[in-house]
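Below is structure.cif, which holds mmCIF, N, CA and C atoms.
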data_work
#
loop_
_atom_site.label_atom_id
_atom_site.label_comp_id
_atom_site.auth_asym_id
_atom_site.auth_seq_id
_atom_site.Cartn_x
_atom_site.Cartn_y
_atom_site.Cartn_z
N MET A 268 111.07 137.93 102.18
CA MET A 268 109.80 137.30 101.95
C MET A 268 109.84 136.59 100.59
N VAL A 269 109.23 135.42 100.55
CA VAL A 269 109.20 134.62 99.32
C VAL A 269 107.77 134.58 98.80
N ASP A 270 107.62 134.91 97.52
CA ASP A 270 106.30 134.84 96.90
C ASP A 270 106.19 133.51 96.16
N LEU A 271 105.21 132.69 96.56
CA LEU A 271 104.98 131.40 95.91
C LEU A 271 103.72 131.48 95.08
N PRO A 272 103.71 130.83 93.92
CA PRO A 272 102.50 130.84 93.10
C PRO A 272 101.39 130.03 93.79
N ALA A 273 100.15 130.42 93.56
CA ALA A 273 99.02 129.72 94.16
C ALA A 273 98.89 128.31 93.60
N ASN A 274 99.24 128.13 92.34
CA ASN A 274 99.13 126.83 91.71
C ASN A 274 100.31 126.65 90.77
N GLN A 275 101.00 125.56 90.93
CA GLN A 275 102.15 125.30 90.07
C GLN A 275 102.04 123.87 89.56
N ALA A 276 101.55 123.72 88.35
CA ALA A 276 101.31 122.40 87.77
C ALA A 276 102.59 121.65 87.43
N THR A 277 103.72 122.33 87.39
CA THR A 277 104.97 121.68 86.98
C THR A 277 105.61 120.87 88.11
N ASN A 278 105.16 121.01 89.33
CA ASN A 278 105.75 120.25 90.44
C ASN A 278 104.94 118.99 90.68
N SER A 279 105.21 117.96 89.90
CA SER A 279 104.43 116.74 89.97
C SER A 279 104.80 115.84 91.15
N ALA A 280 105.84 116.18 91.89
CA ALA A 280 106.26 115.36 93.03
C ALA A 280 105.35 115.55 94.25
N VAL A 281 104.71 116.67 94.37
CA VAL A 281 103.90 116.96 95.56
C VAL A 281 102.77 115.95 95.76
N PRO A 282 101.97 115.64 94.74
CA PRO A 282 100.92 114.65 94.95
C PRO A 282 101.47 113.28 95.37
N THR A 283 102.58 112.86 94.79
CA THR A 283 103.17 111.58 95.14
C THR A 283 103.68 111.60 96.58
N LEU A 284 104.32 112.69 96.98
CA LEU A 284 104.79 112.81 98.37
C LEU A 284 103.62 112.80 99.34
N TRP A 285 102.53 113.48 98.98
CA TRP A 285 101.34 113.46 99.83
C TRP A 285 100.81 112.04 99.96
N ALA A 286 100.72 111.33 98.83
CA ALA A 286 100.18 109.97 98.85
C ALA A 286 101.05 109.04 99.68
N ARG A 287 102.36 109.15 99.59
CA ARG A 287 103.26 108.33 100.41
C ARG A 287 103.02 108.57 101.89
N THR A 288 102.89 109.85 102.26
CA THR A 288 102.65 110.21 103.65
C THR A 288 101.29 109.68 104.11
N LYS A 289 100.29 109.80 103.27
CA LYS A 289 98.94 109.32 103.60
C LYS A 289 98.93 107.81 103.78
N VAL A 290 99.58 107.07 102.88
CA VAL A 290 99.62 105.61 102.97
C VAL A 290 100.27 105.19 104.29
N ALA A 291 101.28 105.90 104.73
CA ALA A 291 101.98 105.57 105.98
C ALA A 291 101.07 105.69 107.19
N THR A 292 99.99 106.48 107.08
CA THR A 292 99.08 106.67 108.22
C THR A 292 97.88 105.74 108.17
N LEU A 293 97.68 105.04 107.06
CA LEU A 293 96.49 104.21 106.89
C LEU A 293 96.71 102.80 107.42
N THR A 294 95.60 102.15 107.83
CA THR A 294 95.64 100.75 108.25
C THR A 294 94.72 99.89 107.40
N ASP A 295 93.80 100.51 106.67
CA ASP A 295 92.84 99.79 105.85
C ASP A 295 93.50 99.35 104.54
N ALA A 296 93.53 98.03 104.29
CA ALA A 296 94.20 97.49 103.10
C ALA A 296 93.61 98.04 101.81
N GLU A 297 92.30 98.17 101.76
CA GLU A 297 91.67 98.66 100.53
C GLU A 297 92.07 100.10 100.23
N ALA A 298 92.09 100.95 101.26
CA ALA A 298 92.48 102.35 101.07
C ALA A 298 93.95 102.46 100.64
N ILE A 299 94.80 101.62 101.24
CA ILE A 299 96.22 101.61 100.87
C ILE A 299 96.38 101.18 99.41
N THR A 300 95.63 100.16 99.02
CA THR A 300 95.70 99.66 97.65
C THR A 300 95.23 100.71 96.65
N VAL A 301 94.14 101.37 96.95
CA VAL A 301 93.60 102.40 96.05
C VAL A 301 94.62 103.52 95.84
N LEU A 302 95.19 104.03 96.94
CA LEU A 302 96.19 105.10 96.81
C LEU A 302 97.45 104.59 96.10
N GLY A 303 97.88 103.38 96.42
CA GLY A 303 99.07 102.81 95.78
C GLY A 303 98.92 102.71 94.28
N LEU A 304 97.74 102.25 93.84
CA LEU A 304 97.50 102.13 92.40
C LEU A 304 97.32 103.49 91.75
N GLN A 305 96.59 104.37 92.41
CA GLN A 305 96.33 105.69 91.83
C GLN A 305 97.61 106.50 91.65
N TYR A 306 98.52 106.42 92.64
CA TYR A 306 99.74 107.23 92.59
C TYR A 306 100.98 106.41 92.20
N LYS A 307 100.75 105.16 91.77
CA LYS A 307 101.84 104.28 91.32
C LYS A 307 102.92 104.14 92.40
N LEU A 308 102.47 103.75 93.62
CA LEU A 308 103.37 103.58 94.75
C LEU A 308 103.56 102.10 95.06
N LEU A 309 104.73 101.75 95.56
CA LEU A 309 104.98 100.42 96.07
C LEU A 309 104.52 100.41 97.53
N THR A 310 103.54 99.57 97.84
CA THR A 310 103.03 99.47 99.21
C THR A 310 103.02 98.00 99.62
N GLU A 311 102.58 97.73 100.85
CA GLU A 311 102.48 96.34 101.29
C GLU A 311 101.40 95.57 100.54
N HIS A 312 100.54 96.28 99.80
CA HIS A 312 99.46 95.63 99.05
C HIS A 312 99.57 95.83 97.54
N THR A 313 100.58 96.53 97.07
CA THR A 313 100.80 96.74 95.64
C THR A 313 102.27 96.49 95.34
N SER A 314 102.56 96.15 94.09
CA SER A 314 103.95 95.90 93.71
C SER A 314 104.16 96.28 92.26
N PHE A 315 105.41 96.27 91.84
CA PHE A 315 105.75 96.56 90.46
C PHE A 315 106.05 95.24 89.75
N VAL A 316 105.58 95.12 88.54
CA VAL A 316 105.85 93.93 87.74
C VAL A 316 106.41 94.39 86.40
N ALA A 317 107.54 93.84 86.03
CA ALA A 317 108.13 94.16 84.73
C ALA A 317 107.59 93.18 83.69
N VAL A 318 107.11 93.70 82.60
CA VAL A 318 106.57 92.87 81.53
C VAL A 318 107.34 93.16 80.26
N ASP A 319 107.97 92.12 79.74
CA ASP A 319 108.72 92.26 78.50
C ASP A 319 107.77 91.95 77.35
N GLU A 320 107.57 92.89 76.48
CA GLU A 320 106.63 92.70 75.38
C GLU A 320 107.28 92.00 74.19
N LEU A 321 108.56 91.79 74.23
CA LEU A 321 109.27 91.15 73.13
C LEU A 321 109.33 89.64 73.39
N THR A 322 108.84 88.86 72.45
CA THR A 322 108.87 87.41 72.57
C THR A 322 109.93 86.88 71.61
N GLN A 323 110.88 86.16 72.17
CA GLN A 323 111.93 85.58 71.34
C GLN A 323 111.89 84.08 71.51
N SER A 324 111.17 83.43 70.65
CA SER A 324 111.11 81.97 70.72
C SER A 324 111.05 81.42 69.30
N GLU A 325 111.49 80.21 69.19
CA GLU A 325 111.47 79.54 67.91
C GLU A 325 110.32 78.54 67.91
N PRO A 326 109.74 78.27 66.77
CA PRO A 326 108.66 77.29 66.71
C PRO A 326 109.15 75.91 67.16
N GLY A 327 108.26 75.12 67.70
CA GLY A 327 108.63 73.77 68.12
C GLY A 327 108.39 73.57 69.60
N ALA A 328 109.05 72.58 70.15
CA ALA A 328 108.86 72.21 71.55
C ALA A 328 109.40 73.31 72.48
N ALA A 329 108.78 73.40 73.63
CA ALA A 329 109.23 74.36 74.64
C ALA A 329 110.61 73.97 75.12
N GLN A 330 111.40 74.94 75.49
CA GLN A 330 112.76 74.70 75.94
C GLN A 330 112.84 75.01 77.43
N TYR A 331 113.39 74.10 78.20
CA TYR A 331 113.57 74.29 79.63
C TYR A 331 114.87 75.04 79.88
N ILE A 332 114.79 76.15 80.58
CA ILE A 332 115.98 76.92 80.91
C ILE A 332 116.00 77.12 82.42
N GLU A 333 117.03 76.62 83.07
CA GLU A 333 117.15 76.77 84.51
C GLU A 333 117.74 78.15 84.80
N VAL A 334 117.03 78.92 85.61
CA VAL A 334 117.45 80.27 85.95
C VAL A 334 117.87 80.28 87.41
N PRO A 335 119.14 80.55 87.70
CA PRO A 335 119.58 80.57 89.10
C PRO A 335 118.92 81.72 89.85
N ALA A 336 118.62 81.47 91.11
CA ALA A 336 117.99 82.49 91.94
C ALA A 336 118.60 82.44 93.34
N GLU A 337 118.68 83.58 93.97
CA GLU A 337 119.19 83.67 95.33
C GLU A 337 118.17 83.02 96.28
N MET A 338 118.66 82.38 97.31
CA MET A 338 117.78 81.82 98.33
C MET A 338 117.41 82.93 99.31
N PRO A 339 116.14 83.03 99.68
CA PRO A 339 115.75 84.04 100.67
C PRO A 339 116.43 83.76 102.01
N GLU A 340 116.68 84.80 102.75
CA GLU A 340 117.31 84.67 104.05
C GLU A 340 116.46 83.76 104.94
N GLY A 341 117.10 82.81 105.61
CA GLY A 341 116.39 81.92 106.51
C GLY A 341 115.85 80.66 105.85
N VAL A 342 116.00 80.52 104.52
CA VAL A 342 115.53 79.33 103.81
C VAL A 342 116.72 78.44 103.53
N SER A 343 116.56 77.16 103.83
CA SER A 343 117.65 76.21 103.63
C SER A 343 117.33 75.33 102.43
N ARG A 344 118.32 75.08 101.58
CA ARG A 344 118.11 74.25 100.39
C ARG A 344 117.67 72.83 100.76
N ASP A 345 118.14 72.30 101.90
CA ASP A 345 117.77 70.93 102.27
C ASP A 345 116.32 70.80 102.74
N LYS A 346 115.64 71.92 102.93
CA LYS A 346 114.24 71.90 103.34
C LYS A 346 113.28 72.10 102.15
N LEU A 347 113.83 72.22 100.95
CA LEU A 347 112.99 72.42 99.78
C LEU A 347 112.25 71.14 99.41
N MET A 348 111.14 71.29 98.72
CA MET A 348 110.34 70.14 98.30
C MET A 348 111.13 69.27 97.33
N TYR A 349 111.87 69.91 96.45
CA TYR A 349 112.70 69.21 95.47
C TYR A 349 114.14 69.61 95.71
N ALA A 350 115.04 68.66 95.56
CA ALA A 350 116.46 68.99 95.67
C ALA A 350 116.83 69.87 94.48
N PRO A 351 117.69 70.87 94.69
CA PRO A 351 118.09 71.74 93.57
C PRO A 351 118.61 70.91 92.39
N GLY A 352 118.10 71.21 91.21
CA GLY A 352 118.53 70.53 90.01
C GLY A 352 117.80 69.22 89.72
N SER A 353 116.94 68.76 90.65
CA SER A 353 116.27 67.48 90.42
C SER A 353 114.93 67.61 89.72
N TRP A 354 114.34 68.79 89.74
CA TRP A 354 113.02 68.97 89.14
C TRP A 354 113.14 69.31 87.68
N ARG A 355 112.31 68.68 86.87
CA ARG A 355 112.25 68.99 85.44
C ARG A 355 110.77 69.04 85.05
N PRO A 356 110.41 69.89 84.13
CA PRO A 356 109.02 69.97 83.71
C PRO A 356 108.60 68.70 82.94
N HIS A 357 107.29 68.42 82.96
CA HIS A 357 106.79 67.27 82.22
C HIS A 357 106.91 67.54 80.73
N ARG A 358 107.23 66.57 79.97
CA ARG A 358 107.37 66.75 78.52
C ARG A 358 106.39 65.90 77.78
#
As structure tokens, please, write out the structure in this file.
Amino acid sequence: MVDLPANQATNSAVPTLWARTKVATLTDAEAITVLGLQYKLLTEHTSFVAVDELTQSEPGAAQYIEVPAEMPEGVSRDKLMYAPGSWRPHR
């Protein structure tokens, strides 16, 4: 026989596991969003955003930096509004 404590505050995974299971059973977007935000879950209505608080820029004009990105599956470069490398910001 195993004796379990009635309340164990050190097991913080249980509420998150409960919330994940609950979200999987819900269909209401608002309820999913509320649980996702409350329990910090990634859901179809919530996401994670990384914010860098460090700003490294020099005074003066803005600098254009082209950042390569993977094309999503099923998207063709020849169907883009602008040809790759042809778009530049207004100066």
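Here the residues within chain A that DSSP labels helix (DSSP H, G or I) on the basis of the backbone are Ala280, Val281, Pro282, Thr283, Leu284, Trp285, Ala286, Arg287, Thr288, Lys289, Val290, Ala291, Thr292, Ala296, Glu297, Ala298, Ile299, Thr300, Val301, Leu302, Gly303, Leu304, Gln305, Arg344, Asp345 and Lys346 of chain A.
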Legend entry - Separation of CA of Leu308 (chain A) from CA of Thr292 (chain A) in Å: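 Distance between the two atoms: 14.5 Å.
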Inset, instruction - Find the distance between CA of Met338 (chain A) and atom N of Ser314 (chain A) and write it in Å to one decimal. - result: 21.3 Å
Inset, instruction - Could you please determine the separation between atom N of Thr283 (chain A) and atom N of Val318 (chain A) in Å, to one decimal place? - result: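 Interatomic distance here is 23.2 Å.
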Inset, instruction - With a distance cut-off of 9 Å and only C-alpha atoms, select the neighbouring residues of Ala286 (chain A), excluding the residue or stretch itself and same-chain residues fewer than 4 positions from it, and output the selection as a list of chain:residue names. - result: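 Selected residues are A:Val281, A:Pro282, A:Val290, A:Ala291, A:Leu302, A:Gly303, A:Tyr306, A:Leu308.
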Inset, instruction - Starting from the displayed file, determine the output of the PyMOL selection byres ((chain A and resi 313) around 8) and express the residue list as a ChimeraX atom specification. - result: /A:299-300,303-304,308-312,314-316
